[in-house]
Amino acid sequence: MALTNEILKQKLSDKFGEQLTEWDEQYGLLTVRMPAEANLKVMQHLYDAEAFQFLTDLTAIHYPERTGEELCVVYHLHNLVENIRLRLKVYVPVEKPDVYTATKVFSGANWMERETYDNLGINFVGHPNLTRILNVDEMDYFPLRKEYQMEDPTRTDKDDEMFGRGGSI
Amino acid sequence: MSEQTQHHIQLAEESLAKQSTTLNLGPTHPATHGVFQNIMEIDGERVLSTEPTIGYIHRAFEKIAERRPYYQVTPLTDRLNYCSAPINNMGWHMTIEKLLGIKTPKRVDYMRVIIMELARIADHLICNSVVAVDTGALTGFTYVFQWRELIYEIYEEVCGSRLTTNIGRVGGFERNFTQAAWDKINKFMEGFPKVMREFEALLNRNRIFMERCIGAGPISAERALNYSFTGPNLRAAGVDYDLRVAQPYSSYEDFDFKIPVGTTGDVYDRYMVRNDEIWESYKIIEQALVKIAKLEQEDPTQKDVFYAPESDHYHLPAKQDVYTKMEALIFHFKMVMGEIDVLPGEVYHGVEGANGEVGYYLISDGGRTPYRLHFRRPCFIYYQAYPEIVSGGLLSDAIITLSSLNVIAGELDA
C-alpha cells in the first residue's frame with residue numbers, strides 16, 4: 001500500500017505520540033514540529049523504518065516575535081521509494097540555539113548545517129567542523145537574522161512599510 | 001654598497017618535516033572553471049586529501065530576496081546556475097504559482113518545457129565539452145558551442161537577453177514567442193542532431209577518452225544518496241531519481257522520455273548520462289512542438305495564449321495598453337511597486353535543474369517580499385562530497401572529476 005500523508009501521520013503519531021505537534025499539510029507537504037532534543041531520534045527512526053533516506057534541504061528561519069523559540073530549523077526529507085516528502089521543524093531560543101547535528105545520519109547535512117550556522121547562528125551540537133562557509137571567517141554576527149536590515153538604517157524613505165509590513169520588524 | 005634585504009618564504013614548521021606536497025588549486029585557476037579553491041595534499045601524483053574553500057562569490061541572495069518584490073527575485077535566480085538560467089527562473093515562477101494556486105494553460109507549460117529543455121541541453125553541452133577539454137580534446141568544445149550560441153539566440157528572441165535571462169513571468173511569459181523564435185527553434189531541431197552525433201563520434205567510444213575517464217572519480221549509489229546528490233551525478237551512480245518523472249511539474253507527465261542511468265558513478269558515466277539526457281531533451285522538445293501545433297490546430301485562439309488568464313493581477317500588461325488605457329496603467333504601477341496580494345504560507349517547490357534538484361523554500365507572511373527564501377542549490381550540496389571522491393586518486397583524475405561534477409560557482413555560493 002502506498003504511503004500517504006495520513007498513513008505516515010498515523011504511524012508517526014503512534015510511535016512518538018505527544019512529542020510531535022503542530023501537524024500541517026500546506027500544499028500537500030506533511031509538516032510536523034518535533035522537540036529539539038528528539039530531532040535525531042525522529043530522523044533516525046524515519047531513516048530506518050520509513051525509508052526517508054534522502055535529505056533534500058536543511059535551513060532555518062528567524063521569527064523575532066516568537067519569544068523563547070525564535071529560530072526554526074527546517075528539514076525536508078524525501079522518501080524516494082514511496083516518493084513522498086516530509087517537512088520537520090525544530091524551534092530553539094535565540095539565546096541557546098542548540099540542535100543536534102544530522103551529519104551522523106546524512107553526510108550531506110554537513111555543508112547545509114554549516115551554511116545554516118553561518119547565516120543564522122544555529123549551533124549544531126556534534127558537528128565535525130562547524131565553521132563559516134560562505135561569509136568571511138571574521139564576521140561576528142549572523143546576517144540572515146531579522147535584526148540586520150538590508151537597507152541603510154539611517155534612511156527613512158525606505159522602511160518596512162514599503163514592503164507591506166507596517167513599521168519596523 | 002647598499003645592503004639588500006633578503007626575503008624568505010615563511011614556511012610552517014611542520015611543512016618541512018612532512019613528505020607530502022601542498023598544492024593550491026584556485027581560487028582562480030583554469031581547471032576549476034569557477035571561483036573556488038582546493039588546498040590539496042598530494043604525494044607524488046596521488047591526492048591524499050583536499051580542503052575545499054567556497055564563498056568567493058557569495059552575494060547573499062537569500063538576504064537580498066527578503067527586500068525584493070516577488071518579480072524582482074527572478075533576476076537573482078538567474079545568477080545561481082548561469083549556464084541554465086531559464087530553468088531557475090521558471091522554477092521560481094512555478095513556486096509563486098504554487099503559492100497563489102495559479103494553473104497555467106497547456107500551451108504555456110509546453111513553451112516552458114521547450115525553453116527548459118533547451119537550457120538543459122546548453123548546460124550539458126558546456127559540462128561535457130569541458131570534460132573533453134580537460135582530457136585534452138579542445139575541438140569538440142568549439143564545435144558544439146556554435147549550437148549553444150543558437151540556444152542563446154532563442155532565449156534572446158523570447159526574452160531579450162542571453163546569459164542571465166530573467167525569462168518568463170508569474171503565470172507564463174512576458175510576451176508570446178515571435179515567429180523568429182519559432183524559426184530558430186526549428187533551425188536548432190534540424191541542425192543539432194548531426195552536430196551532436198559528430199561530437200559523440202569524437203568522444204563516446206574514443207579509446208583515449210575512455211581510458212582517461214573510466215574509473216576516475218567514482219561514487220557509489222549509497223554514498224551519493226547519503227550526500228543528497230541529485231540530477232545527472234546521482235543518476236550516473238545508478239539511482240533513477242528525476243523530478244520530472246517523480247513529481248512532474250509543467251505538464252512533464254505528458255511527455256515520453258527515458259531517464260538514463262549509469263552504474264559506477266565515475267566520470268565516464270556522468271559524461272554518458274549527460275550525453276543521453278541531451279538526446280532525451282531533444283526528444284521532449286520534438287514532442288512539445290508537435291503538442292503545441294496540435295493545440296493550435298484544434299483551437300486557433302490558442303496561438304495567443306502565453307500566460308495564465310487568472311494571473312492577470314501578477315502579469316504586467318502590454319506596454320501599448322499601459323500608455324493608452326487607465327486600468328492597464330494602474331495595474332502596471334501596482335505591480336511594479338510590488339503591491340500584489342500574496343497569501344501567507346510556506347511552500348517548497350523543486351524542479352529538475354541541469355545539475356539536479358533546484359528547490360525554492362518560500363515563506364510568505366502576506367507582505368510584498370518573501371519573509372524568508374531559501375534556495376536548494378544542487379551544486380552546493382554535492383560539492384561537499386568532492387574530498388571523499390578524489391582522495392586516493394590521481395591529481396589528473398581530480399581535475400576531470402571537478403569538471404564532470406559540473407560545479408558552478410554561482411550555484412555554489414548563492
# chains A, B, ... in the order shown; residues from 1 in each chain; ligands from 1
call {"tool": "interface_residues", "arguments": {"of": "chain A", "to": "chain B", "cutoff": "10 Å", "atoms": "only C-alpha atoms", "output": "ChimeraX atom specification"}}
result
/A:26-29,53-63,74,76,80-84,87,103,105-112,115,119,132-136,143-146,148-151,160-166
call {"tool": "residues_around", "arguments": {"residues": "B:Asn166", "least_positions_apart": "2", "cutoff": "10 Å", "atoms": "only C-alpha atoms", "output": "VMD selection string"}}
result
chain B and resid 71 to 79 85 to 86 88 to 90 155 159 to 164 168 to 169
call {"tool": "residues_around", "arguments": {"residues": "A:Ile7", "least_positions_apart": "6", "cutoff": "12 Å", "atoms": "only C-alpha atoms", "output": "ChimeraX atom specification"}}
result
/A:1,13-14,30,50,84
call {"tool": "atom_distance", "arguments": {"atom1": "atom CA of B:Val261", "atom2": "atom CA of B:Val131"}}
result
18.5 Å
call {"tool": "atom_distance", "arguments": {"atom1": "atom CA of A:Gln44", "atom2": "atom CA of A:Gln10"}}
result
17.6 Å
call {"tool": "select_by_dssp", "arguments": {"residues": "stretch 331-397 of chain B", "states": "alpha helix (DSSP H)", "output": "PyMOL selection string"}}
result
chain B and resi 331-336+378-383+386-390+395-397
call {"tool": "select_by_dssp", "arguments": {"residues": "stretch 166-372 of chain B", "states": "strand (DSSP E)", "output": "list in words"}}
result
Gly345, Glu346, Val347, Tyr348, His349, Gly350, Val351, Glu352, Glu357, Val358, Gly359, Tyr360, Tyr361, Leu362, Ile363, Ser364 and Arg372 of chain B
call {"tool": "atom_distance", "arguments": {"atom1": "atom CA of B:Pro232", "atom2": "atom CA of B:Val273"}}
result
6.2 Å
call {"tool": "residues_around", "arguments": {"residues": "A:Tyr141", "least_positions_apart": "6", "cutoff": "9 Å", "atoms": "only C-alpha atoms", "output": "list of chain:residue names"}}
result
A:Asp118, A:Asn119, A:Leu120, A:Gly121
call {"tool": "residues_around", "arguments": {"residues": "B:Gly238", "least_positions_apart": "3", "cutoff": "7 Å", "atoms": "only C-alpha atoms", "output": "list in words"}}
result
Ala221, Leu234, Arg235, Val261, Gly262 and Thr263 of chain B
call {"tool": "residues_around", "arguments": {"residues": "B:Met272", "least_positions_apart": "5", "cutoff": "12 Å", "atoms": "only C-alpha atoms", "output": "NGL selection string"}}
result
:B and (124-125 or 127-129 or 131 or 200 or 203-205 or 209-210 or 213-214 or 232-233 or 235-237 or 259-267 or 277-279 or 404)
call {"tool": "residues_around", "arguments": {"residues": "A:Phe124", "least_positions_apart": "3", "cutoff": "8 Å", "atoms": "only C-alpha atoms", "output": "VMD selection string"}}
result
chain A and resid 98 to 101 113 117 127 130
call {"tool": "closest_residue", "arguments": {"among": "B:Val336, B:Ala354, B:Leu202, B:Leu289", "to": "B:Ala132", "atoms": "only C-alpha atoms"}}
result
B:Leu202
